[in-house]
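Coordinates from final10.txt are shown below (compact mmCIF, C-alpha atoms).
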```txt
# COMPACT_ATOMS: atom_id res chain seq x y z
CA MET O 1 -5.25 3.52 -42.60
CA ASP O 2 -8.41 1.50 -42.23
CA PHE O 3 -11.57 3.12 -43.57
CA TRP O 4 -13.62 2.57 -40.43
CA TYR O 5 -10.85 3.88 -38.21
CA ALA O 6 -10.62 7.01 -40.35
CA LEU O 7 -14.39 7.41 -40.28
CA VAL O 8 -14.95 7.00 -36.53
CA VAL O 9 -11.79 8.54 -35.09
CA GLY O 10 -11.59 11.26 -37.75
CA LEU O 11 -15.17 12.31 -37.12
CA ILE O 12 -14.76 12.30 -33.34
CA ILE O 13 -11.53 14.34 -33.35
CA GLY O 14 -12.90 16.66 -36.01
CA ALA O 15 -16.11 17.18 -34.06
CA ILE O 16 -14.33 18.04 -30.81
CA PHE O 17 -12.02 20.38 -32.76
CA GLY O 18 -15.02 22.03 -34.43
CA PHE O 19 -16.80 22.43 -31.10
CA ILE O 20 -13.76 24.18 -29.60
CA LEU O 21 -13.23 26.35 -32.70
CA GLN O 22 -16.82 27.57 -32.52
CA ARG O 23 -16.87 28.16 -28.75
CA GLY O 24 -13.50 29.88 -28.85
CA ARG O 25 -14.25 31.77 -32.10
CA PHE O 26 -10.75 30.62 -32.97
CA CYS O 27 -9.64 32.03 -36.27
CA MET O 28 -6.14 33.04 -37.27
CA ASN O 29 -7.51 35.58 -39.68
CA SER O 30 -8.96 37.52 -36.75
CA ALA O 31 -5.97 36.69 -34.59
CA PHE O 32 -3.36 38.14 -36.95
CA ARG O 33 -5.37 40.84 -38.63
CA ASP O 34 -6.68 42.38 -35.42
CA ILE O 35 -3.19 42.84 -34.00
CA ILE O 36 -2.92 45.86 -36.28
CA LEU O 37 -6.54 46.55 -37.20
CA LEU O 38 -8.30 46.59 -33.83
CA LYS O 39 -5.29 46.35 -31.50
CA GLU O 40 -6.97 43.30 -30.07
CA PHE O 41 -4.70 40.49 -28.89
CA LYS O 42 -6.92 37.85 -27.31
CA LEU O 43 -6.99 35.44 -30.24
CA ALA O 44 -3.31 35.98 -30.96
CA LYS O 45 -2.65 35.01 -27.35
CA ALA O 46 -4.82 31.92 -27.84
CA VAL O 47 -2.62 30.95 -30.81
CA ALA O 48 0.50 31.43 -28.66
CA VAL O 49 -0.93 29.29 -25.85
CA SER O 50 -1.88 26.49 -28.24
CA LEU O 51 1.65 26.59 -29.72
CA VAL O 52 3.38 25.94 -26.39
CA VAL O 53 0.88 23.23 -25.45
CA LEU O 54 1.52 21.56 -28.83
CA MET O 55 5.30 21.76 -28.38
CA VAL O 56 5.11 19.96 -25.06
CA GLY O 57 2.44 17.53 -26.30
CA PHE O 58 4.28 16.57 -29.50
CA ALA O 59 7.58 16.25 -27.59
CA ILE O 60 6.12 13.90 -24.97
CA PHE O 61 4.56 11.57 -27.55
CA ALA O 62 7.71 11.68 -29.68
CA PHE O 63 9.80 10.68 -26.66
CA SER O 64 7.55 7.77 -25.88
CA GLY O 65 7.86 6.59 -29.47
CA ILE O 66 4.12 6.90 -30.18
CA ILE O 67 4.47 9.46 -32.97
CA ASP O 68 7.17 10.23 -35.53
CA LEU O 69 7.87 13.90 -35.94
CA ALA O 70 8.11 15.04 -39.53
CA PRO O 71 8.88 18.74 -39.89
CA LYS O 72 8.84 20.05 -43.45
CA ALA O 73 11.96 20.71 -45.54
CA PHE O 74 12.78 24.42 -45.84
CA LYS O 75 11.70 25.66 -49.27
CA PRO O 76 12.12 29.42 -48.91
CA TRP O 77 10.27 30.62 -52.01
CA SER O 78 7.34 28.34 -51.44
CA ALA O 79 7.13 29.51 -47.82
CA ILE O 80 7.37 33.23 -48.64
CA VAL O 81 5.11 33.37 -51.71
CA GLY O 82 2.68 30.73 -50.44
CA GLY O 83 2.48 32.36 -47.00
CA LEU O 84 1.91 35.90 -48.32
CA VAL O 85 -0.75 34.80 -50.81
CA PHE O 86 -2.47 32.73 -48.11
CA GLY O 87 -2.44 35.67 -45.68
CA ILE O 88 -3.92 38.09 -48.23
CA GLY O 89 -6.46 35.45 -49.24
CA MET O 90 -7.70 34.79 -45.72
CA VAL O 91 -8.49 38.47 -45.10
CA LEU O 92 -10.50 38.56 -48.35
CA ALA O 93 -12.20 35.28 -47.50
CA ALA O 94 -12.95 36.57 -43.97
CA GLY O 95 -11.53 33.47 -42.34
CA CYS O 96 -8.49 31.22 -42.34
CA ALA O 97 -8.77 27.60 -43.45
CA SER O 98 -10.06 26.40 -40.08
CA GLY O 99 -12.16 29.52 -39.42
CA THR O 100 -13.87 29.16 -42.77
CA THR O 101 -14.58 25.49 -42.10
CA TYR O 102 -16.15 25.91 -38.67
CA ARG O 103 -18.30 28.82 -39.88
CA VAL O 104 -19.84 26.51 -42.45
CA GLY O 105 -21.22 24.63 -39.45
CA GLU O 106 -22.60 27.90 -38.03
CA GLY O 107 -24.64 28.31 -41.19
CA MET O 108 -22.59 31.02 -42.87
CA MET O 109 -23.02 30.67 -46.59
CA GLY O 110 -20.26 33.16 -47.38
CA SER O 111 -17.80 30.85 -45.63
CA PHE O 112 -19.12 27.88 -47.60
CA VAL O 113 -18.38 29.80 -50.80
CA ALA O 114 -14.90 30.56 -49.45
CA ALA O 115 -14.41 26.84 -48.74
CA ILE O 116 -15.34 25.99 -52.32
CA GLY O 117 -12.88 28.64 -53.49
CA LEU O 118 -10.24 27.10 -51.22
CA THR O 119 -10.82 23.64 -52.66
CA THR O 120 -10.79 24.97 -56.23
CA GLY O 121 -7.58 26.92 -55.72
CA ALA O 122 -5.94 23.96 -54.00
CA LEU O 123 -6.88 21.51 -56.75
CA MET O 124 -5.72 23.90 -59.48
CA THR O 125 -2.38 24.27 -57.72
CA GLY O 126 -2.02 20.63 -56.75
CA ALA O 127 -2.47 19.10 -60.17
CA GLY O 128 -4.11 21.69 -62.42
CA VAL O 129 -2.99 24.73 -64.38
CA LEU O 130 -1.16 26.39 -61.48
CA SER O 131 0.94 23.36 -60.59
CA THR O 132 3.86 24.61 -62.73
CA ALA O 133 4.10 27.72 -60.56
CA LYS O 134 4.03 25.60 -57.42
CA THR O 135 6.72 23.23 -58.70
CA TYR O 136 8.89 26.18 -59.68
CA LEU O 137 8.52 27.83 -56.26
CA GLN O 138 9.29 24.58 -54.45
CA GLU O 139 12.49 23.89 -56.42
CA VAL O 140 14.92 25.61 -54.07
CA VAL O 141 15.49 23.66 -50.85
CA ILE O 142 17.81 24.83 -48.09
CA GLY O 143 19.45 22.20 -45.91
CA GLU O 144 21.10 18.84 -46.46
CA GLY O 145 18.98 16.54 -44.31
CA PRO O 146 15.24 15.87 -44.10
CA ALA O 147 14.28 19.28 -42.72
CA LEU O 148 15.93 22.35 -41.31
CA THR O 149 14.68 23.35 -37.87
CA LEU O 150 15.37 26.34 -35.68
CA PHE O 151 18.31 24.42 -34.20
CA GLY O 152 19.94 22.92 -37.26
CA GLU O 153 18.93 19.79 -39.14
CA PHE O 154 16.04 17.77 -37.73
CA ASN O 155 17.18 15.07 -35.38
CA ALA O 156 14.63 12.60 -34.04
CA ASP O 157 16.41 12.48 -30.65
CA LEU O 158 17.44 16.10 -30.17
CA THR O 159 14.60 18.11 -31.71
CA PRO O 160 11.95 16.92 -29.18
CA ILE O 161 14.27 18.05 -26.37
CA TYR O 162 14.45 21.55 -27.85
CA MET O 163 10.68 21.52 -28.32
CA LEU O 164 10.14 20.55 -24.69
CA ILE O 165 12.54 23.24 -23.45
CA ILE O 166 10.97 26.01 -25.56
CA GLY O 167 7.48 24.83 -24.70
CA ILE O 168 8.13 24.85 -20.97
CA ILE O 169 9.89 28.23 -21.08
CA GLY O 170 6.92 29.54 -23.06
CA ILE O 171 4.42 28.21 -20.52
CA ILE O 172 6.37 29.75 -17.63
CA LEU O 173 6.64 33.14 -19.39
CA MET O 174 2.92 33.15 -20.16
CA LEU O 175 2.03 32.25 -16.58
CA VAL O 176 4.22 35.05 -15.26
CA PHE O 177 3.21 37.77 -17.73
CA TRP O 178 -0.41 36.87 -18.53
CA GLY O 179 -1.55 34.44 -15.82
CA LEU O 180 -0.36 36.14 -12.63
CA PRO O 181 -1.63 39.66 -13.47
CA ALA O 182 -5.06 38.19 -14.28
CA ILE O 183 -5.16 36.25 -11.02
CA LYS O 184 -4.07 39.30 -9.03
CA LYS O 185 -6.76 41.39 -10.68
CA LYS O 186 -9.43 38.86 -9.73
CA ARG O 187 -8.09 38.71 -6.16
CA ARG O 188 -8.28 42.47 -5.87
CA ALA O 189 -11.84 42.48 -7.15
CA ASN O 190 -12.62 39.67 -4.69
CA GLU O 191 -13.91 37.41 -7.44
CA PRO O 192 -13.52 33.65 -7.19
CA LEU O 193 -10.93 32.29 -9.62
CA ILE O 194 -13.29 29.78 -11.19
CA LYS O 195 -17.03 30.00 -10.92
CA PHE O 196 -18.25 26.42 -10.66
CA GLU O 197 -21.95 27.14 -10.36
CA ASN O 198 -22.05 28.30 -13.98
CA PHE O 199 -20.03 25.40 -15.30
CA THR O 200 -22.57 24.00 -17.79
CA LYS O 201 -23.40 27.47 -19.00
CA SER O 202 -19.73 28.33 -19.52
CA VAL O 203 -19.08 25.11 -21.43
CA PHE O 204 -22.10 25.07 -23.70
CA LYS O 205 -23.54 28.57 -23.87
CA LYS O 206 -20.79 31.13 -23.79
CA GLY O 207 -17.64 31.93 -25.72
CA TYR O 208 -14.49 30.54 -24.09
CA PRO O 209 -11.81 32.81 -22.65
CA TRP O 210 -8.74 32.93 -24.92
CA TRP O 211 -6.50 30.87 -22.64
CA VAL O 212 -9.04 28.04 -22.35
CA THR O 213 -9.38 28.01 -26.14
CA GLY O 214 -5.61 27.91 -26.59
CA ILE O 215 -5.11 25.00 -24.18
CA LEU O 216 -8.00 22.98 -25.65
CA ILE O 217 -6.85 23.54 -29.25
CA GLY O 218 -3.36 22.40 -28.23
CA ILE O 219 -4.74 19.22 -26.64
CA ILE O 220 -7.09 18.24 -29.47
CA LEU O 221 -4.47 18.82 -32.17
CA THR O 222 -1.99 16.73 -30.18
CA ALA O 223 -4.64 14.00 -30.05
CA GLY O 224 -5.10 14.41 -33.81
CA TYR O 225 -1.38 13.88 -34.39
CA VAL O 226 -1.33 10.83 -32.14
CA ALA O 227 -4.39 9.31 -33.85
CA SER O 228 -3.02 9.63 -37.37
CA ASN O 229 0.73 9.97 -36.78
CA GLY O 230 0.65 13.21 -38.74
CA VAL O 231 -0.47 16.81 -38.50
CA VAL O 232 -4.11 17.72 -38.90
CA GLY O 233 -4.69 19.66 -42.12
CA ILE O 234 -7.68 21.58 -43.38
CA THR O 235 -6.90 22.24 -47.02
CA GLY O 236 -5.90 18.63 -47.59
CA GLY O 237 -9.20 17.60 -46.06
CA TRP O 238 -11.25 19.69 -48.48
CA MET O 239 -9.19 18.27 -51.35
CA ASP O 240 -9.86 14.77 -50.00
CA ILE O 241 -13.57 15.41 -50.10
CA SER O 242 -13.36 16.50 -53.72
CA LEU O 243 -11.38 13.35 -54.56
CA TRP O 244 -14.11 11.34 -52.94
CA PHE O 245 -16.44 12.45 -55.73
CA THR O 246 -14.05 11.40 -58.47
CA THR O 247 -11.99 8.47 -57.16
CA GLN O 248 -12.86 5.10 -55.73
CA ASN O 249 -11.34 3.57 -52.62
CA SER O 250 -10.08 6.83 -51.24
CA VAL O 251 -9.62 6.51 -47.49
CA MET O 252 -10.15 10.04 -46.33
CA TRP O 253 -8.96 10.64 -42.80
CA ALA O 254 -8.51 14.36 -43.53
CA GLY O 255 -11.90 14.56 -45.19
CA PHE O 256 -13.64 13.07 -42.14
CA ILE O 257 -11.87 15.63 -39.98
CA ILE O 258 -13.58 18.32 -42.10
CA PHE O 259 -17.00 16.68 -41.78
CA GLY O 260 -16.33 16.37 -38.05
CA ILE O 261 -15.41 20.06 -37.70
CA ILE O 262 -18.58 21.15 -39.49
CA LEU O 263 -20.69 18.78 -37.39
CA GLY O 264 -19.02 19.82 -34.11
CA ALA O 265 -19.38 23.51 -34.90
CA PHE O 266 -23.02 22.98 -35.83
CA VAL O 267 -23.79 21.20 -32.55
CA SER O 268 -21.92 23.83 -30.57
CA ALA O 269 -23.63 26.71 -32.35
CA TYR O 270 -27.04 25.04 -32.11
CA ILE O 271 -26.81 24.47 -28.35
CA ALA O 272 -25.71 28.06 -27.78
CA GLY O 273 -28.44 29.43 -30.04
CA GLU O 274 -25.89 30.72 -32.53
CA PHE O 275 -26.85 28.70 -35.57
CA LYS O 276 -28.50 30.64 -38.36
CA PHE O 277 -28.33 30.59 -42.13
CA ARG O 278 -26.57 33.77 -43.08
CA VAL O 279 -25.85 35.10 -46.53
CA PRO O 280 -23.81 38.28 -47.07
CA LYS O 281 -26.19 41.02 -48.25
CA ASP O 282 -23.59 42.33 -50.65
CA GLY O 283 -23.07 40.12 -53.71
CA PHE O 284 -19.59 41.55 -54.16
CA MET O 285 -18.70 40.19 -50.72
CA ILE O 286 -19.49 36.63 -51.87
CA LEU O 287 -17.21 37.08 -54.89
CA LYS O 288 -14.47 38.43 -52.63
CA GLN O 289 -14.81 35.43 -50.32
CA PHE O 290 -14.57 33.03 -53.28
CA ILE O 291 -11.45 34.75 -54.64
CA GLY O 292 -9.96 34.91 -51.14
CA GLY O 293 -10.62 31.19 -50.75
CA GLY O 294 -8.92 30.52 -54.08
CA LEU O 295 -5.84 32.49 -53.02
CA MET O 296 -5.73 30.52 -49.76
CA GLY O 297 -5.89 27.28 -51.73
CA PHE O 298 -2.98 28.32 -53.93
CA GLY O 299 -1.01 29.53 -50.90
CA ALA O 300 -1.66 26.41 -48.85
CA VAL O 301 -0.61 23.95 -51.55
CA THR O 302 2.41 26.07 -52.52
CA ALA O 303 3.57 26.45 -48.91
CA MET O 304 2.85 22.77 -48.22
CA GLY O 305 0.17 23.49 -45.67
CA CYS O 306 -2.51 25.90 -44.52
CA ASN O 307 -2.41 27.83 -41.28
CA ILE O 308 -3.24 24.74 -39.20
CA THR O 309 -0.71 22.41 -40.84
CA ASN O 310 2.08 24.97 -40.83
CA ILE O 311 1.45 27.13 -37.78
CA LEU O 312 -0.13 24.58 -35.43
CA GLY O 313 1.65 21.55 -36.92
CA GLY O 314 5.03 22.65 -38.23
CA VAL O 315 5.93 25.51 -35.90
CA PRO O 316 5.67 23.33 -32.74
CA GLN O 317 8.15 20.97 -34.47
CA LEU O 318 10.40 24.01 -34.91
CA SER O 319 10.40 23.61 -38.70
CA LEU O 320 12.05 26.65 -40.26
CA HIS O 321 9.78 26.28 -43.28
CA SER O 322 6.66 26.51 -41.14
CA ILE O 323 8.03 29.42 -39.10
CA VAL O 324 8.75 31.44 -42.25
CA THR O 325 5.38 30.48 -43.75
CA GLY O 326 3.61 31.48 -40.54
CA ALA O 327 5.36 34.86 -40.44
CA CYS O 328 4.46 35.47 -44.09
CA ILE O 329 0.82 34.52 -43.51
CA MET O 330 0.77 37.17 -40.77
CA PHE O 331 2.44 39.80 -43.00
CA GLY O 332 0.08 38.94 -45.83
CA ALA O 333 -2.89 39.45 -43.52
CA TRP O 334 -1.47 42.80 -42.38
CA ILE O 335 -0.93 44.00 -45.95
CA ALA O 336 -4.48 43.06 -46.94
CA ALA O 337 -6.00 44.52 -43.75
CA TYR O 338 -4.14 47.77 -44.28
CA LEU O 339 -5.21 48.12 -47.90
CA LEU O 340 -8.80 47.05 -47.31
CA PHE O 341 -9.67 48.69 -44.01
CA MET O 342 -7.06 51.11 -42.72
CA TRP O 343 -5.78 52.97 -45.75
CA ARG O 344 -9.14 54.64 -46.33
CA ASP O 345 -9.31 55.90 -42.74
CA LYS O 346 -5.98 57.75 -42.95
CA MET F 347 -37.57 53.75 -24.40
CA VAL F 348 -34.50 55.44 -25.67
CA ASP F 349 -34.49 57.45 -28.85
CA ILE F 350 -32.35 55.69 -31.40
CA THR F 351 -30.51 58.20 -33.54
CA GLU F 352 -29.13 55.76 -36.07
CA THR F 353 -29.16 52.05 -36.79
CA LEU F 354 -26.24 50.10 -38.15
CA ASP F 355 -27.33 46.81 -39.66
CA CYS F 356 -24.42 44.39 -39.75
CA THR F 357 -26.43 41.20 -40.23
CA GLY F 358 -24.87 38.72 -42.61
CA GLU F 359 -21.46 40.27 -42.17
CA VAL F 360 -18.43 38.65 -40.61
CA CYS F 361 -15.49 40.19 -38.88
CA PRO F 362 -13.94 42.63 -39.25
CA TYR F 363 -16.76 44.43 -41.07
CA PRO F 364 -19.08 44.88 -38.04
CA ASP F 365 -16.14 46.00 -35.89
CA VAL F 366 -14.72 48.40 -38.46
CA LYS F 367 -18.11 49.79 -39.50
CA SER F 368 -19.26 50.41 -35.94
CA LYS F 369 -15.98 52.16 -35.13
CA ARG F 370 -16.30 54.37 -38.21
CA LYS F 371 -19.93 55.09 -37.39
CA VAL F 372 -19.40 56.26 -33.81
CA LYS F 373 -16.61 58.56 -34.97
CA LYS F 374 -19.10 60.43 -37.15
CA MET F 375 -21.82 60.69 -34.54
CA ASN F 376 -22.30 63.44 -31.98
CA SER F 377 -22.16 63.26 -28.23
CA GLY F 378 -25.30 61.96 -26.56
CA GLU F 379 -26.67 60.28 -29.67
CA ILE F 380 -27.70 56.66 -29.56
CA LEU F 381 -26.46 54.06 -32.04
CA GLU F 382 -28.26 50.76 -32.47
CA ILE F 383 -26.17 47.92 -33.86
CA LEU F 384 -27.84 44.80 -35.24
CA ILE F 385 -25.48 41.90 -35.60
CA ASP F 386 -25.53 38.14 -36.13
CA TYR F 387 -21.86 37.26 -35.93
CA PRO F 388 -20.92 35.94 -32.44
CA LEU F 389 -17.28 37.09 -32.25
CA SER F 390 -18.06 40.70 -33.12
CA ALA F 391 -21.17 40.68 -30.94
CA GLU F 392 -18.96 39.80 -27.99
CA ARG F 393 -16.23 42.19 -28.94
CA ILE F 394 -18.03 45.37 -30.01
CA PRO F 395 -19.38 46.23 -26.52
CA GLU F 396 -15.86 45.85 -25.11
CA THR F 397 -14.38 48.00 -27.86
CA MET F 398 -17.02 50.67 -27.32
CA LYS F 399 -16.39 50.75 -23.58
CA SER F 400 -12.67 51.11 -24.15
CA LEU F 401 -13.38 54.02 -26.51
CA GLY F 402 -15.31 55.67 -23.68
CA HIS F 403 -18.84 55.23 -25.03
CA GLU F 404 -21.61 53.90 -22.86
CA VAL F 405 -23.13 50.51 -23.64
CA LEU F 406 -26.81 50.98 -22.77
CA SER F 407 -27.84 47.45 -23.58
CA ASP F 408 -26.53 44.31 -25.19
CA GLU F 409 -29.22 41.69 -25.69
CA LYS F 410 -29.62 38.51 -27.63
CA ILE F 411 -32.82 38.87 -29.62
CA GLY F 412 -32.88 35.48 -31.34
CA ASP F 413 -30.76 32.70 -32.79
CA SER F 414 -27.39 34.28 -33.37
CA SER F 415 -28.87 37.78 -33.35
CA TRP F 416 -27.88 40.57 -31.06
CA LYS F 417 -28.94 44.16 -30.56
CA ILE F 418 -26.46 46.55 -29.01
CA LEU F 419 -27.25 50.11 -27.96
CA ILE F 420 -24.40 52.57 -27.65
CA LYS F 421 -24.56 56.08 -26.22
CA ILE F 422 -21.87 58.25 -27.75
CA LYS F 423 -19.68 60.02 -25.23
```
Here is a file; write its structure as structure tokens.
Amino acid sequence: MDFWYALVVGLIIGAIFGFILQRGRFCMNSAFRDIILLKEFKLAKAVAVSLVVLMVGFAIFAFSGIIDLAPKAFKPWSAIVGGLVFGIGMVLAAGCASGTTYRVGEGMMGSFVAAIGLTTGALMTGAGVLSTAKTYLQEVVIGEGPALTLFGEFNADLTPIYMLIIGIIGIILMLVFWGLPAIKKKRRANEPLIKFENFTKSVFKKGYPWWVTGILIGIILTAGYVASNGVVGITGGWMDISLWFTTQNSVMWAGFIIFGIILGAFVSAYIAGEFKFRVPKDGFMILKQFIGGGLMGFGAVTAMGCNITNILGGVPQLSLHSIVTGACIMFGAWIAAYLLFMWRDK
Amino acid sequence: MVDITETLDCTGEVCPYPDVKSKRKVKKMNSGEILEILIDYPLSAERIPETMKSLGHEVLSDEKIGDSSWKILIKIK
């Protein structure tokens, strides 16, 4: 990839992504954890909406030959251990890989510390002292072909068809079960469906409703795949930035995405009056966020992807590896949330 | 002016701490008392008033007092 292409397109896509993340307060840590902790489902629904949009989006561009799908090979131990460690880590770090990144742009120093932890953990696992553990966990591979999907081995012609079918069924189910009741409720209350007079305010000043966030995340990540012919990744981006300090001639598409996210989130937060330098009052909290970040870094490299790469990149391609990793990230988050917040209340 | 019984300062904290702490706090307080929550994390600032309403408490006010700073007043049911 050309350096200038990576710089300009990476920054633009990253910035739009960061803007949406900040407006939508989109974070999988909150999404998964709050299913059990606060019984709050809005962000989890946003994740579900973005998944079906991505399935349809990826499928369309794969059909037209613009992108090559590349689901990951199923490495069960790497998915299970990596996913669980990542899930526990993100609760400690108070943000998933993408959540941590956009909060840096909001001025949250705790998240910046978590991002440094993430990079450190990822580098240690990628090539440093923990790489033996990663190699060991990635040894077992299930499947004969390139990658096992939900419907057998990956097939460049058939898999997009399954993706399209599941995506469309998903969209219909969501419209029926979530969309229609909401519309009916608004009708009954005699509210207009969309308030146009507040359009600028809704776009730049307020948090987005979960379904808007989900659709926009789906669209921008599809655009990211099309622009680079690969999934957008967060952990890889932070590692790219660290390589930039030590290596010459590193073209860093993923790194520019990170800079873009931080920039986009900053602009979004600034316009809405939500930018402020914030440092956790409790020093122990900063340590926890660093350790949590480190665990996420280990988990992401071991499972061959963070929450964005696996859940919003691999799951839409029906990769079994990404589905198992995603489920384990969620379980990991539940275990950590239970031990940290709920156990004491019993 | 309302009489504030207690203040919960959640500034500098990210979710779920403000959410969990405010939930724990209102459980310990008595009916009619007023809790003031100071917060600078957008997601929780949007979510706490909703959570409090669903728990049956009354949200007396919910105002933005500066850059990414909110003050929420809750009357315990």
> Once you count all atoms listed in the file, which residues of chain O turn out to be within 6 Å of chain F? Could you give them as a list in words?
Replying inline: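 The answer, sorted by residue number, is Gly273, Glu274, Arg278, Val279 and Pro280 of chain O.
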>> Rounded to one decimal, what separation in Å do you get between atom CA of O:Thr119 and atom CA of O:Met239?
In response: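 One can read the atom CA of O:Thr119 to atom CA of O:Met239 distance as 5.8 Å.
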> Suppose you want the space between atom CA of F:Lys421 and atom CA of O:Lys39; what is it in Å?
Replying inline: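 Those two atoms sit 22.2 Å apart.
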> Which protein, DNA or RNA residues are at most 7 Å from (-7.5, 31.9, -31.5) in the file's coordinates when you count only C-alpha atoms, listed as a list of chain:residue names?
Replying inline: O:Gly24, O:Arg25, O:Phe26, O:Cys27, O:Met28, O:Ala31, O:Leu43, O:Ala44, O:Ala46, O:Val47, O:Trp210, O:Thr213, O:Gly214
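A straight line drawn from atom CA of F:Ile422 to atom CA of O:Glu40 is 21.2 Å long.
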>> Using all atoms listed in the file, can you tell me which of O:Leu221, O:Ile20, O:Met90, O:Ile13 comes closest to O:Asn307?
In response: O:Met90
>> I'd like the contact shell of O:Lys201 - 12 Å cut-off, only C-alpha atoms, skipping same-chain residues fewer than 6 positions apart - returned as a ChimeraX atom specification.
In response: /O:23,195,207-208,271-272
> Excluding same-chain residues fewer than 6 positions from stretch 294-296 of chain O, what lies within 12 Å of it counting all atoms listed in the file, as a count of residues only?
Replying inline: 47
> Using all atoms listed in the file, which residues sit within 7 Å of stretch 349-355 of chain F once same-chain residues fewer than 2 positions away are excluded, as a PyMOL selection string?
Replying inline: chain F and resi 347+357+379-385
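If all atoms listed in the file are the atoms counted, then among F:Val348, F:Ile418, F:Val372, F:Ala391 the closest residue to F:Val405 is F:Ile418.
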> If you count only C-alpha atoms, which residues fall within 12 Å of F:Lys423, apart from same-chain ones fewer than 4 positions away, as a ChimeraX atom specification?
Replying inline: /F:372-381,398-406
